[in-house]
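For reference, the structure is listed below as structure tokens.
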Amino acid sequence: MTRRRSVEDLRSQRWFAPQDLRSFGHRSRMLQMGYSAADFMGKPVVAIINTWSDLQQCHQHFKQRVEEVKRGVWQAGGFPVELPALSLSESFVKPTTMLYRNLLALEVEELLRQHPVDGAVLMGGCDKTTPATIMGAISMDLPMIFMPAGPMMRGHFGGQIVGSGSDVWKYWAEKEAGTITIQQWNDMEAGIARSAGTCMTMGTASTMTIIAEALGLTLPGATSIPAADAAHPRMATECGRRIVEMIWDDLKPSDIIDRRSVENALVVHNALAGSTNAMIHLVAIGRRAGIEVTLRDFDDFAGRVPVIANLRPSGAWLMEDFHIAGGTRALFKRLEDMLHLEARTVSGTLGAGIAGAAVYDDDVIRPLDNPLAASGGTAILYGNLAPDGCVIKPPAAEPRLLQHTGPAIVFDSYDEMSAAVNDPDLDVTPDHVMVFRNAGPIGGPGMPEWGMLPLPKKLLAQGVRDMVRISDARMSGTSYGACILHVSPEAAIGGPLAALRNGDMVTVDVAGRRLHAHLTDEEIAERLKSWTPPRGEYPRGYNRLYAKHVRQAHEGCDFDFLEGAGGIGEPEIH
Ligand code: FES
Ligand code: MG
């Protein structure tokens with residue numbers, strides 16, 4: 001923040017103020033839309049990036065919320081303009097929204113650059129929409145505030161509380177094992193998603209929105225408010241009021257995000273046992289802001305931050321319970337000795353934002369001396385199968401599998417794996433290590449959430465509910481199990497995972513941070529000599545751009561040409 005700005009300093013004035021032919025055109029076209037000069041002249045123009053669509057179930061309330069954001073902008077003396085952007089439904093977009101995160105980031109950056117706007121409210125929440133809109137806005141570096149969609153209501157069926165994703169996988173395993181009926185399964189389908197809002201477990205959506213709050217990019221406490229709660233439209237309106245002030249104060253992402261805010265995000269990620277997807281997105285967000293975040297950072301912080309949010313899939317409760325227990329501000333309050341309280345936020349400092357916050361339920365948000373896990377929400381493993389690292393979420397795995405050696409059973413495609421796990425004669429034991437490759441950033445493409453490999457039916461029927469599984473894919477934040485993910489470099493570019501064969505012995509040692517095959521470097525190199533890439537080049541289109549420019553998982557999967565901020569002048573107006 002430098003000084004209070006005047007009207008002449010507003011970027012939008014370049015479009016509207018001059019007495020020339022071009023500005024005549026801009027003003028007359030505003031009048032064409034029914035606005036008067038009093039509506040827009042000399043006012044901060046606020047872009048509201050709206051990721052609503054008819055195929056974005058989690059943002060269905062954004063048609064209404066955008067009006068509430070506008071209300072706040074008007075009240076504070078700004079001029080709101082809604083700019084629709086790619087909606088990236090985690091459910092409907094195939095093969096995976098991750099393929100398109102960078103496209104939304106690029107879209108947000110260019111929407112802000114090309115239009116007469118002075119700042120932005122980013123409306124997102126469903127998984128990739130949070131990092132994507134934030135990445136684009138950081139690169140453009142106009143004042144911005146993130147308005148989270150909020151979690152949906154608790155799910156229920158047959159007297160049971162059920163959580164997005166997590167309980168689907170659990171009951172699917174029961175259905176496959178024949179322990180629940182089709183009728184029960186159908187009842188759950190109708191009861192698990194009951195309102196607008198994002199997945200209400202501690203999946204990628206809530207992980208990333210709460211990380212956004214830790215980075216200082218939301219109003220205090222905004223991220224735990226359920227979408228259907230009346231506090232949510234009030235928060236949306238406050239976002240509208242606040243962004244106008246931020247524009248006058250010229251409070252930009254580059255004034256807010258620094259190493260302190262990133263470290264706050266790392267603390268919070270671990271306290272939540274947050275989604276492994278954060279390990280890609282926070283690296284990418286950091287790189288946009290010019291701050292290096294590495295996988296080792298995640299491991300360092302995991303070593304000293306206890307898991308205190310008792311939320312599924314690692315714990316018991318859901319986001320609505322978390323909000324009632326005090327919500328995000330209460331969680332941060334409990335972590336305050338580990339946080340940089342002087343770190344900047346959209347509304348002041350992190351410390352000021354949590355003043356007076358309290359926890360109302362010590363089982364949902366645990367005291368530091370009675371955590372869900374004393375440390376280790378996530379662990380980073382290295383070894384001859386993953387020289388650049390891979391990720392596991394130990395609290396979500398059966399403890400016996402955290403130190404394990406077994407023979408590999410290797411799959412090269414999803415179809416091959418699906419057929420095998422349904423085969424009653426599959427030669428597999430609970431000690432086998434299932435490996436699925438060619439599902440990384442380029443192999444997938446887009447690194448789909450295929451990393452929670454389905455367990456073989458034969459073993460499910462025997463009561464087995466977890467096995468060691470290794471892939472270069474991601475997994476949904478609502479998933480669980482001894483799944484080792486994000487193996488880097490990926491198999492599709494000739495990473496060592498490509499050299500593995502059925503029967504090779506593989507050792508996982510989470511305490512020792514090791515993942516290795518019982519093969520020598522020479523054996524791996526020799527096998528890779530005869531390796532050929534599993535898929536040819538894309539002839540054209542977005543997939544071609546993506547495959548040429550995407551970084552590997554440990555580097556955040558951004559496009560090489562999108563990292564960083566600034567460096568591009570304002571558009572010429574002629
Ligand atoms: Fe939108 Fe999970 S599907 S947050
Ligand atoms: Mg998800």
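Scheme for the structure tokens: letters A, B, ... for chains in order shown; per-chain residue numbers from 1; ligand numbers from 1 in order shown.
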Let me have all residues with an atom within 7 Å of ligand 1, counting only C-alpha atoms and all ligand atoms, laid out as a CSV table (one decimal) with N, CA and C atoms, in the first residue's frame.
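Here's the written file result-v3.csv:
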chain,number,residue,atom,x,y,z
A,57,GLN,N,-22.0,-27.4,-10.9
A,57,GLN,CA,-23.0,-27.7,-9.8
A,57,GLN,C,-22.6,-26.9,-8.5
A,58,CYS,N,-21.3,-26.8,-8.2
A,58,CYS,CA,-20.8,-26.2,-6.9
A,58,CYS,C,-21.0,-24.7,-6.9
A,89,SER,N,-16.1,-27.4,-13.7
A,89,SER,CA,-16.7,-28.3,-12.8
A,89,SER,C,-15.8,-29.5,-12.6
A,90,GLU,N,-15.5,-29.8,-11.3
A,90,GLU,CA,-14.7,-30.9,-11.0
A,90,GLU,C,-15.4,-32.2,-11.4
A,91,SER,N,-16.7,-32.2,-11.5
A,91,SER,CA,-17.5,-33.4,-11.8
A,91,SER,C,-17.5,-33.7,-13.3
A,125,GLY,N,-14.1,-21.7,-6.1
A,125,GLY,CA,-14.2,-22.6,-5.0
A,125,GLY,C,-14.0,-24.1,-5.4
A,126,CYS,N,-14.7,-24.5,-6.4
A,126,CYS,CA,-14.7,-25.9,-6.9
A,126,CYS,C,-13.2,-26.1,-7.4
A,127,ASP,N,-12.5,-26.9,-6.6
A,127,ASP,CA,-11.1,-27.3,-6.8
A,127,ASP,C,-10.2,-26.3,-7.6
A,198,THR,N,-19.3,-26.3,-2.5
A,198,THR,CA,-18.2,-27.2,-2.8
A,198,THR,C,-18.3,-28.4,-1.9
A,199,CYS,N,-17.5,-29.5,-2.3
A,199,CYS,CA,-17.5,-30.7,-1.5
A,199,CYS,C,-17.2,-30.3,0.0
A,205,ALA,N,-11.2,-28.6,-2.6
A,205,ALA,CA,-11.9,-27.3,-2.6
A,205,ALA,C,-11.6,-26.5,-1.3
Let me see if you get this right: every residue at most 6 Å from ligand 2, counting only C-alpha atoms and all ligand atoms, written as a ChimeraX atom specification.
/A:127,203-204,476-477
Using only C-alpha atoms, can you tell me which of A:Lys175, A:His281, A:Arg27, A:Arg344 comes closest to Leu215 of chain A?
A:Arg344
Would you please work out which residue, of A:Gly348, A:Gly463, A:Pro394, A:Pro441, is nearest to Ala491 of chain A when using only C-alpha atoms?
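Looking at the shortest contact to Ala491 of chain A, the residue is A:Pro441.
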Selected residue, from A:Asp249, A:Asp431, A:Asp229, A:Glu570, that lies nearest to Gly406 of chain A when counting only C-alpha atoms:
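Of all the options, A:Asp431 lies closest to Gly406 of chain A.
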Considering only C-alpha atoms, return as a PyMOL selection string whatever protein or nucleic-acid residues lie within 12 Å of Pro84 of chain A, sequence-local ones (same chain, fewer than 4 positions apart) excluded.
chain A and resi 47-53+62-63+66+88+104+107-108+111-112+121-124+133
Now that the selection is made, can you save its residues with N, CA and C atoms as a PDB file, in the first residue's frame?
ATOM      1  N   ALA A  47     -13.930  -5.727 -11.738  1.00  0.00           N
ATOM      2  CA  ALA A  47     -14.244  -6.939 -12.495  1.00  0.00           C
ATOM      3  C   ALA A  47     -14.670  -8.019 -11.513  1.00  0.00           C
ATOM      4  N   ILE A  48     -15.805  -8.632 -11.763  1.00  0.00           N
ATOM      5  CA  ILE A  48     -16.199  -9.783 -10.953  1.00  0.00           C
ATOM      6  C   ILE A  48     -16.062 -11.001 -11.858  1.00  0.00           C
ATOM      7  N   ILE A  49     -15.019 -11.773 -11.581  1.00  0.00           N
ATOM      8  CA  ILE A  49     -14.760 -12.965 -12.399  1.00  0.00           C
ATOM      9  C   ILE A  49     -15.692 -14.054 -11.887  1.00  0.00           C
ATOM     10  N   ASN A  50     -16.663 -14.436 -12.721  1.00  0.00           N
ATOM     11  CA  ASN A  50     -17.687 -15.380 -12.286  1.00  0.00           C
ATOM     12  C   ASN A  50     -17.517 -16.714 -12.995  1.00  0.00           C
ATOM     13  N   THR A  51     -17.197 -17.747 -12.224  1.00  0.00           N
ATOM     14  CA  THR A  51     -17.022 -19.079 -12.805  1.00  0.00           C
ATOM     15  C   THR A  51     -18.331 -19.883 -12.706  1.00  0.00           C
ATOM     16  N   TRP A  52     -19.430 -19.205 -13.000  1.00  0.00           N
ATOM     17  CA  TRP A  52     -20.738 -19.877 -13.034  1.00  0.00           C
ATOM     18  C   TRP A  52     -20.941 -20.529 -14.404  1.00  0.00           C
ATOM     19  N   SER A  53     -21.609 -21.668 -14.444  1.00  0.00           N
ATOM     20  CA  SER A  53     -22.182 -22.174 -15.696  1.00  0.00           C
ATOM     21  C   SER A  53     -23.272 -23.180 -15.348  1.00  0.00           C
ATOM     22  N   PHE A  62     -23.824 -18.795  -7.795  1.00  0.00           N
ATOM     23  CA  PHE A  62     -23.055 -17.626  -8.231  1.00  0.00           C
ATOM     24  C   PHE A  62     -23.868 -16.652  -9.083  1.00  0.00           C
ATOM     25  N   LYS A  63     -24.946 -17.137  -9.696  1.00  0.00           N
ATOM     26  CA  LYS A  63     -25.809 -16.225 -10.449  1.00  0.00           C
ATOM     27  C   LYS A  63     -26.401 -15.192  -9.495  1.00  0.00           C
ATOM     28  N   VAL A  66     -23.315 -13.087  -7.458  1.00  0.00           N
ATOM     29  CA  VAL A  66     -22.669 -11.999  -8.198  1.00  0.00           C
ATOM     30  C   VAL A  66     -23.447 -10.703  -7.997  1.00  0.00           C
ATOM     31  N   LEU A  88     -15.068 -24.835 -15.015  1.00  0.00           N
ATOM     32  CA  LEU A  88     -14.274 -25.968 -14.510  1.00  0.00           C
ATOM     33  C   LEU A  88     -14.923 -26.813 -13.420  1.00  0.00           C
ATOM     34  N   LEU A 104      -7.721 -21.491 -17.449  1.00  0.00           N
ATOM     35  CA  LEU A 104      -8.508 -20.519 -16.673  1.00  0.00           C
ATOM     36  C   LEU A 104      -7.595 -19.415 -16.121  1.00  0.00           C
ATOM     37  N   GLU A 107      -6.924 -17.167 -18.861  1.00  0.00           N
ATOM     38  CA  GLU A 107      -8.134 -16.406 -19.189  1.00  0.00           C
ATOM     39  C   GLU A 107      -8.337 -15.259 -18.199  1.00  0.00           C
ATOM     40  N   VAL A 108      -8.175 -15.539 -16.912  1.00  0.00           N
ATOM     41  CA  VAL A 108      -8.370 -14.491 -15.897  1.00  0.00           C
ATOM     42  C   VAL A 108      -7.360 -13.364 -16.102  1.00  0.00           C
ATOM     43  N   LEU A 111      -8.444 -11.454 -19.225  1.00  0.00           N
ATOM     44  CA  LEU A 111      -9.695 -10.700 -19.024  1.00  0.00           C
ATOM     45  C   LEU A 111      -9.408  -9.396 -18.292  1.00  0.00           C
ATOM     46  N   LEU A 112      -8.542  -9.494 -17.283  1.00  0.00           N
ATOM     47  CA  LEU A 112      -8.222  -8.298 -16.505  1.00  0.00           C
ATOM     48  C   LEU A 112      -7.376  -7.325 -17.327  1.00  0.00           C
ATOM     49  N   VAL A 121     -12.884  -9.082  -8.070  1.00  0.00           N
ATOM     50  CA  VAL A 121     -13.357 -10.080  -7.117  1.00  0.00           C
ATOM     51  C   VAL A 121     -13.370 -11.400  -7.871  1.00  0.00           C
ATOM     52  N   LEU A 122     -12.700 -12.384  -7.321  1.00  0.00           N
ATOM     53  CA  LEU A 122     -12.611 -13.689  -7.971  1.00  0.00           C
ATOM     54  C   LEU A 122     -13.612 -14.622  -7.315  1.00  0.00           C
ATOM     55  N   MET A 123     -14.582 -15.104  -8.079  1.00  0.00           N
ATOM     56  CA  MET A 123     -15.582 -16.026  -7.538  1.00  0.00           C
ATOM     57  C   MET A 123     -15.219 -17.455  -7.935  1.00  0.00           C
ATOM     58  N   GLY A 124     -14.759 -18.227  -6.964  1.00  0.00           N
ATOM     59  CA  GLY A 124     -14.353 -19.608  -7.258  1.00  0.00           C
ATOM     60  C   GLY A 124     -14.515 -20.471  -6.030  1.00  0.00           C
ATOM     61  N   THR A 133      -7.870 -18.921 -10.691  1.00  0.00           N
ATOM     62  CA  THR A 133      -8.202 -17.493 -10.703  1.00  0.00           C
ATOM     63  C   THR A 133      -7.141 -16.702  -9.945  1.00  0.00           C
TER      64      THR A 133
END
Please identify which residues in segment 490-561 of chain A DSSP calls helix (DSSP H, G or I) from the backbone, and express them as a PyMOL selection string.
chain A and resi 491-493+496-499+521-529+541-549+553-555
Within 12 Å of segment 563-568 of chain A, counting only C-alpha atoms, which residues qualify if same-chain residues fewer than 6 places away don't, as a PyMOL selection string?
chain A and resi 102+105-106+109-110+113-114+134-142+253-254+283-292+549-551+555-557
Dump N, CA and C atoms for the selected residues as a compact mmCIF listing (two decimals), in the first residue's frame?
# COMPACT_ATOMS: atom_id res chain seq x y z
N ASN A 102 -4.57 -24.14 -16.04
CA ASN A 102 -3.73 -23.07 -16.61
C ASN A 102 -4.49 -22.25 -17.65
N ALA A 105 -6.42 -19.80 -15.65
CA ALA A 105 -5.48 -18.79 -15.14
C ALA A 105 -5.13 -17.79 -16.24
N LEU A 106 -4.88 -18.32 -17.40
CA LEU A 106 -4.54 -17.46 -18.55
C LEU A 106 -5.73 -16.57 -18.90
N GLU A 109 -6.11 -13.73 -16.30
CA GLU A 109 -5.08 -12.69 -16.50
C GLU A 109 -5.44 -11.81 -17.70
N GLU A 110 -5.84 -12.43 -18.78
CA GLU A 110 -6.11 -11.65 -20.00
C GLU A 110 -7.44 -10.89 -19.92
N ARG A 113 -6.48 -7.86 -18.13
CA ARG A 113 -5.60 -6.98 -18.92
C ARG A 113 -6.37 -6.25 -20.02
N GLN A 114 -7.27 -6.95 -20.68
CA GLN A 114 -7.87 -6.42 -21.91
C GLN A 114 -9.01 -5.43 -21.65
N ILE A 134 -6.64 -17.27 -8.86
CA ILE A 134 -5.60 -16.57 -8.08
C ILE A 134 -4.31 -16.46 -8.88
N MET A 135 -3.92 -17.52 -9.56
CA MET A 135 -2.68 -17.47 -10.36
C MET A 135 -2.77 -16.37 -11.42
N GLY A 136 -3.90 -16.33 -12.13
CA GLY A 136 -4.06 -15.32 -13.17
C GLY A 136 -4.05 -13.91 -12.60
N ALA A 137 -4.73 -13.73 -11.47
CA ALA A 137 -4.80 -12.39 -10.86
C ALA A 137 -3.45 -11.97 -10.29
N ILE A 138 -2.69 -12.90 -9.76
CA ILE A 138 -1.34 -12.56 -9.26
C ILE A 138 -0.49 -12.05 -10.42
N SER A 139 -0.56 -12.74 -11.54
CA SER A 139 0.28 -12.33 -12.67
C SER A 139 -0.12 -10.95 -13.18
N MET A 140 -1.41 -10.62 -13.13
CA MET A 140 -1.84 -9.30 -13.59
C MET A 140 -1.59 -8.25 -12.51
N ASP A 141 -1.62 -8.66 -11.26
CA ASP A 141 -1.29 -7.80 -10.11
C ASP A 141 -2.12 -6.52 -10.00
N LEU A 142 -3.42 -6.64 -10.21
CA LEU A 142 -4.35 -5.57 -9.83
C LEU A 142 -4.90 -5.93 -8.44
N PRO A 253 -1.89 -7.97 -4.98
CA PRO A 253 -1.33 -9.25 -4.52
C PRO A 253 0.16 -9.15 -4.18
N SER A 254 0.90 -8.36 -4.94
CA SER A 254 2.34 -8.25 -4.66
C SER A 254 2.62 -7.54 -3.34
N VAL A 283 2.77 -24.57 -5.06
CA VAL A 283 4.05 -24.37 -5.77
C VAL A 283 3.82 -23.43 -6.96
N ALA A 284 2.74 -23.68 -7.69
CA ALA A 284 2.44 -22.85 -8.88
C ALA A 284 2.09 -21.42 -8.48
N ILE A 285 1.28 -21.26 -7.42
CA ILE A 285 0.91 -19.91 -6.94
C ILE A 285 2.18 -19.17 -6.52
N GLY A 286 3.04 -19.86 -5.76
CA GLY A 286 4.29 -19.24 -5.32
C GLY A 286 5.13 -18.78 -6.49
N ARG A 287 5.24 -19.60 -7.51
CA ARG A 287 6.06 -19.22 -8.67
C ARG A 287 5.49 -18.01 -9.39
N ARG A 288 4.15 -17.90 -9.42
CA ARG A 288 3.55 -16.70 -10.02
C ARG A 288 3.99 -15.45 -9.25
N ALA A 289 4.05 -15.61 -7.91
CA ALA A 289 4.37 -14.47 -7.04
C ALA A 289 5.88 -14.29 -6.86
N GLY A 290 6.66 -15.13 -7.51
CA GLY A 290 8.11 -15.01 -7.40
C GLY A 290 8.66 -15.57 -6.10
N ILE A 291 7.92 -16.49 -5.48
CA ILE A 291 8.37 -17.09 -4.22
C ILE A 291 8.55 -18.58 -4.43
N GLU A 292 9.74 -19.07 -4.11
CA GLU A 292 9.99 -20.49 -4.33
C GLU A 292 9.34 -21.32 -3.24
N HIS A 549 4.28 -27.22 -23.02
CA HIS A 549 4.69 -26.20 -22.05
C HIS A 549 4.46 -26.55 -20.58
N VAL A 550 3.80 -27.67 -20.30
CA VAL A 550 3.48 -27.92 -18.88
C VAL A 550 4.72 -28.40 -18.13
N ARG A 551 4.86 -27.93 -16.89
CA ARG A 551 5.95 -28.36 -16.02
C ARG A 551 5.56 -29.66 -15.31
N GLU A 555 7.11 -29.16 -9.87
CA GLU A 555 7.30 -27.76 -10.24
C GLU A 555 5.98 -27.00 -10.34
N GLY A 556 4.86 -27.66 -10.04
CA GLY A 556 3.58 -26.97 -9.97
C GLY A 556 2.70 -27.07 -11.21
N CYS A 557 3.21 -27.74 -12.27
CA CYS A 557 2.38 -27.98 -13.48
C CYS A 557 1.88 -26.69 -14.14
Residues within 8 Å of Leu295 of chain A, please, as a list in words. Count only C-alpha atoms; anything in the same chain fewer than 6 positions from it doesn't count.
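Counting only C-alpha atoms, the residues come to Met279, Ile380, Gly389 and His554 of chain A.
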What's the 12 Å shell around Ala309 of chain A, counting only C-alpha atoms, without same-chain residues fewer than 2 positions away, as an mmCIF file with N, CA and C atoms, in the first residue's frame?
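Okay, around_29.cif is ready:
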data_model
loop_
_atom_site.group_PDB
_atom_site.id
_atom_site.type_symbol
_atom_site.label_atom_id
_atom_site.label_comp_id
_atom_site.auth_asym_id
_atom_site.auth_seq_id
_atom_site.Cartn_x
_atom_site.Cartn_y
_atom_site.Cartn_z
ATOM 1 N N THR A 201 -16.183 -32.197 2.540
ATOM 2 C CA THR A 201 -15.081 -32.843 3.250
ATOM 3 C C THR A 201 -13.842 -31.949 3.098
ATOM 4 N N MET A 202 -12.733 -32.330 3.718
ATOM 5 C CA MET A 202 -11.503 -31.562 3.534
ATOM 6 C C MET A 202 -10.818 -32.040 2.256
ATOM 7 N N SER A 206 -11.972 -27.154 -0.185
ATOM 8 C CA SER A 206 -11.782 -26.463 1.093
ATOM 9 C C SER A 206 -10.302 -26.298 1.427
ATOM 10 N N THR A 207 -9.492 -27.257 1.024
ATOM 11 C CA THR A 207 -8.045 -27.082 1.231
ATOM 12 C C THR A 207 -7.572 -25.808 0.545
ATOM 13 N N ILE A 210 -9.125 -22.443 1.972
ATOM 14 C CA ILE A 210 -8.543 -22.080 3.275
ATOM 15 C C ILE A 210 -7.074 -21.677 3.100
ATOM 16 N N VAL A 268 -1.079 -24.143 7.679
ATOM 17 C CA VAL A 268 -2.502 -24.437 7.636
ATOM 18 C C VAL A 268 -2.777 -25.722 6.854
ATOM 19 N N HIS A 269 -2.071 -25.901 5.754
ATOM 20 C CA HIS A 269 -2.251 -27.113 4.955
ATOM 21 C C HIS A 269 -2.031 -28.361 5.807
ATOM 22 N N ASN A 270 -1.006 -28.326 6.630
ATOM 23 C CA ASN A 270 -0.716 -29.493 7.458
ATOM 24 C C ASN A 270 -1.714 -29.647 8.592
ATOM 25 N N ALA A 271 -2.120 -28.546 9.195
ATOM 26 C CA ALA A 271 -3.086 -28.631 10.292
ATOM 27 C C ALA A 271 -4.415 -29.197 9.808
ATOM 28 N N LEU A 272 -4.704 -29.008 8.530
ATOM 29 C CA LEU A 272 -5.941 -29.519 7.930
ATOM 30 C C LEU A 272 -5.804 -30.963 7.450
ATOM 31 N N ALA A 273 -4.557 -31.495 7.401
ATOM 32 C CA ALA A 273 -4.295 -32.701 6.606
ATOM 33 C C ALA A 273 -4.923 -32.490 5.237
ATOM 34 N N GLY A 274 -4.601 -31.355 4.641
ATOM 35 C CA GLY A 274 -5.253 -30.937 3.399
ATOM 36 C C GLY A 274 -4.905 -31.813 2.211
ATOM 37 N N VAL A 305 3.935 -29.431 12.369
ATOM 38 C CA VAL A 305 2.556 -28.948 12.559
ATOM 39 C C VAL A 305 1.629 -30.137 12.798
ATOM 40 N N PRO A 306 0.937 -30.167 13.938
ATOM 41 C CA PRO A 306 -0.004 -31.257 14.177
ATOM 42 C C PRO A 306 -1.274 -31.103 13.334
ATOM 43 N N VAL A 307 -1.902 -32.220 13.024
ATOM 44 C CA VAL A 307 -3.191 -32.194 12.323
ATOM 45 C C VAL A 307 -4.262 -31.952 13.376
ATOM 46 N N LEU A 311 -11.496 -33.561 10.235
ATOM 47 C CA LEU A 311 -12.423 -33.561 9.099
ATOM 48 C C LEU A 311 -12.136 -34.738 8.180
ATOM 49 N N ARG A 312 -13.192 -35.264 7.588
ATOM 50 C CA ARG A 312 -13.007 -36.355 6.627
ATOM 51 C C ARG A 312 -12.262 -35.834 5.409
ATOM 52 N N PRO A 313 -11.418 -36.611 4.729
ATOM 53 C CA PRO A 313 -11.258 -38.053 4.910
ATOM 54 C C PRO A 313 -10.328 -38.483 6.046
ATOM 55 N N SER A 314 -9.476 -37.608 6.581
ATOM 56 C CA SER A 314 -8.560 -38.070 7.634
ATOM 57 C C SER A 314 -9.270 -38.207 8.976
ATOM 58 N N GLY A 315 -10.296 -37.391 9.205
ATOM 59 C CA GLY A 315 -10.982 -37.389 10.490
ATOM 60 C C GLY A 315 -12.457 -37.708 10.355
ATOM 61 N N ALA A 316 -13.276 -37.089 11.239
ATOM 62 C CA ALA A 316 -14.655 -37.547 11.372
ATOM 63 C C ALA A 316 -15.710 -36.572 10.861
ATOM 64 N N TRP A 317 -15.425 -35.249 10.923
ATOM 65 C CA TRP A 317 -16.486 -34.269 10.736
ATOM 66 C C TRP A 317 -16.492 -33.678 9.335
ATOM 67 N N LEU A 318 -17.466 -32.760 9.117
ATOM 68 C CA LEU A 318 -17.612 -32.131 7.805
ATOM 69 C C LEU A 318 -17.532 -30.609 7.939
ATOM 70 N N MET A 319 -17.478 -29.904 6.824
ATOM 71 C CA MET A 319 -17.206 -28.463 6.839
ATOM 72 C C MET A 319 -18.253 -27.656 7.607
ATOM 73 N N ASP A 321 -19.819 -28.626 10.254
ATOM 74 C CA ASP A 321 -19.441 -28.798 11.663
ATOM 75 C C ASP A 321 -18.250 -27.898 11.991
ATOM 76 N N PHE A 322 -17.326 -27.838 11.056
ATOM 77 C CA PHE A 322 -16.122 -27.019 11.244
ATOM 78 C C PHE A 322 -16.507 -25.546 11.404
ATOM 79 N N HIS A 323 -17.449 -25.104 10.593
ATOM 80 C CA HIS A 323 -17.872 -23.699 10.673
ATOM 81 C C HIS A 323 -18.540 -23.411 12.015
ATOM 82 N N ALA A 325 -18.069 -24.964 14.711
ATOM 83 C CA ALA A 325 -17.054 -25.072 15.775
ATOM 84 C C ALA A 325 -16.170 -23.830 15.861
ATOM 85 N N GLY A 326 -16.422 -22.864 15.013
ATOM 86 C CA GLY A 326 -15.616 -21.636 15.041
ATOM 87 C C GLY A 326 -15.031 -21.293 13.680
ATOM 88 N N GLY A 327 -14.906 -22.305 12.844
ATOM 89 C CA GLY A 327 -14.518 -22.072 11.460
ATOM 90 C C GLY A 327 -13.052 -21.726 11.280
ATOM 91 N N THR A 328 -12.762 -21.141 10.124
ATOM 92 C CA THR A 328 -11.373 -20.923 9.714
ATOM 93 C C THR A 328 -10.648 -19.980 10.682
ATOM 94 N N ALA A 330 -11.134 -19.629 13.837
ATOM 95 C CA ALA A 330 -10.829 -20.363 15.066
ATOM 96 C C ALA A 330 -9.648 -21.314 14.851
ATOM 97 N N LEU A 331 -9.605 -21.936 13.686
ATOM 98 C CA LEU A 331 -8.468 -22.807 13.373
ATOM 99 C C LEU A 331 -7.172 -21.993 13.391
ATOM 100 N N PHE A 332 -7.191 -20.842 12.716
ATOM 101 C CA PHE A 332 -5.980 -20.003 12.663
ATOM 102 C C PHE A 332 -5.611 -19.536 14.079
ATOM 103 N N ARG A 334 -6.042 -21.070 16.823
ATOM 104 C CA ARG A 334 -5.386 -22.149 17.538
ATOM 105 C C ARG A 334 -3.944 -22.356 17.061
ATOM 106 N N LEU A 335 -3.683 -21.978 15.835
ATOM 107 C CA LEU A 335 -2.338 -22.159 15.266
ATOM 108 C C LEU A 335 -1.488 -20.908 15.427
ATOM 109 N N VAL A 359 -12.574 -21.389 19.541
ATOM 110 C CA VAL A 359 -13.047 -22.722 19.159
ATOM 111 C C VAL A 359 -14.198 -23.116 20.080
ATOM 112 N N ASP A 361 -15.820 -26.240 19.720
ATOM 113 C CA ASP A 361 -15.920 -27.700 19.822
ATOM 114 C C ASP A 361 -14.523 -28.295 19.653
ATOM 115 N N ASP A 362 -13.965 -28.746 20.772
ATOM 116 C CA ASP A 362 -12.590 -29.236 20.775
ATOM 117 C C ASP A 362 -12.416 -30.589 20.097
ATOM 118 N N ASP A 363 -13.518 -31.228 19.723
ATOM 119 C CA ASP A 363 -13.327 -32.461 18.954
ATOM 120 C C ASP A 363 -13.192 -32.149 17.467
ATOM 121 N N VAL A 364 -13.886 -31.115 17.001
ATOM 122 C CA VAL A 364 -13.827 -30.766 15.571
ATOM 123 C C VAL A 364 -12.519 -30.043 15.255
ATOM 124 N N ILE A 365 -12.190 -29.055 16.077
ATOM 125 C CA ILE A 365 -10.897 -28.361 15.947
ATOM 126 C C ILE A 365 -10.135 -28.672 17.224
ATOM 127 N N ARG A 366 -9.212 -29.589 17.122
ATOM 128 C CA ARG A 366 -8.562 -30.137 18.301
ATOM 129 C C ARG A 366 -7.568 -29.150 18.923
ATOM 130 N N PRO A 367 -7.398 -29.232 20.238
ATOM 131 C CA PRO A 367 -6.292 -28.486 20.863
ATOM 132 C C PRO A 367 -4.954 -29.028 20.351
ATOM 133 N N LEU A 368 -3.917 -28.191 20.400
ATOM 134 C CA LEU A 368 -2.612 -28.626 19.887
ATOM 135 C C LEU A 368 -2.080 -29.836 20.661
ATOM 136 N N ASN A 370 -3.886 -32.288 21.798
ATOM 137 C CA ASN A 370 -4.696 -33.489 21.561
ATOM 138 C C ASN A 370 -5.037 -33.582 20.075
ATOM 139 N N PRO A 371 -4.006 -33.643 19.237
ATOM 140 C CA PRO A 371 -4.258 -33.574 17.795
ATOM 141 C C PRO A 371 -4.758 -34.907 17.237
ATOM 142 N N LEU A 372 -5.221 -34.836 16.009
ATOM 143 C CA LEU A 372 -5.593 -36.059 15.286
ATOM 144 C C LEU A 372 -4.331 -36.862 14.972
ATOM 145 N N ALA A 373 -3.278 -36.155 14.591
ATOM 146 C CA ALA A 373 -1.957 -36.750 14.373
ATOM 147 C C ALA A 373 -0.948 -35.698 14.818
ATOM 148 N N ALA A 374 0.102 -36.152 15.514
ATOM 149 C CA ALA A 374 1.047 -35.197 16.100
ATOM 150 C C ALA A 374 1.804 -34.437 15.013
ATOM 151 N N GLY A 377 0.843 -34.536 8.215
ATOM 152 C CA GLY A 377 -0.334 -34.572 7.358
ATOM 153 C C GLY A 377 0.022 -35.056 5.959
#
Pick out the residues sitting within 12 Å of segment 528-543 of chain A, and hand them over as number ranges by chain; count only C-alpha atoms, and ignore anything fewer than 4 positions along from it in its own chain.
A: 95, 99-100, 102-103, 412-413, 437-446, 490-501, 521-524, 547-550
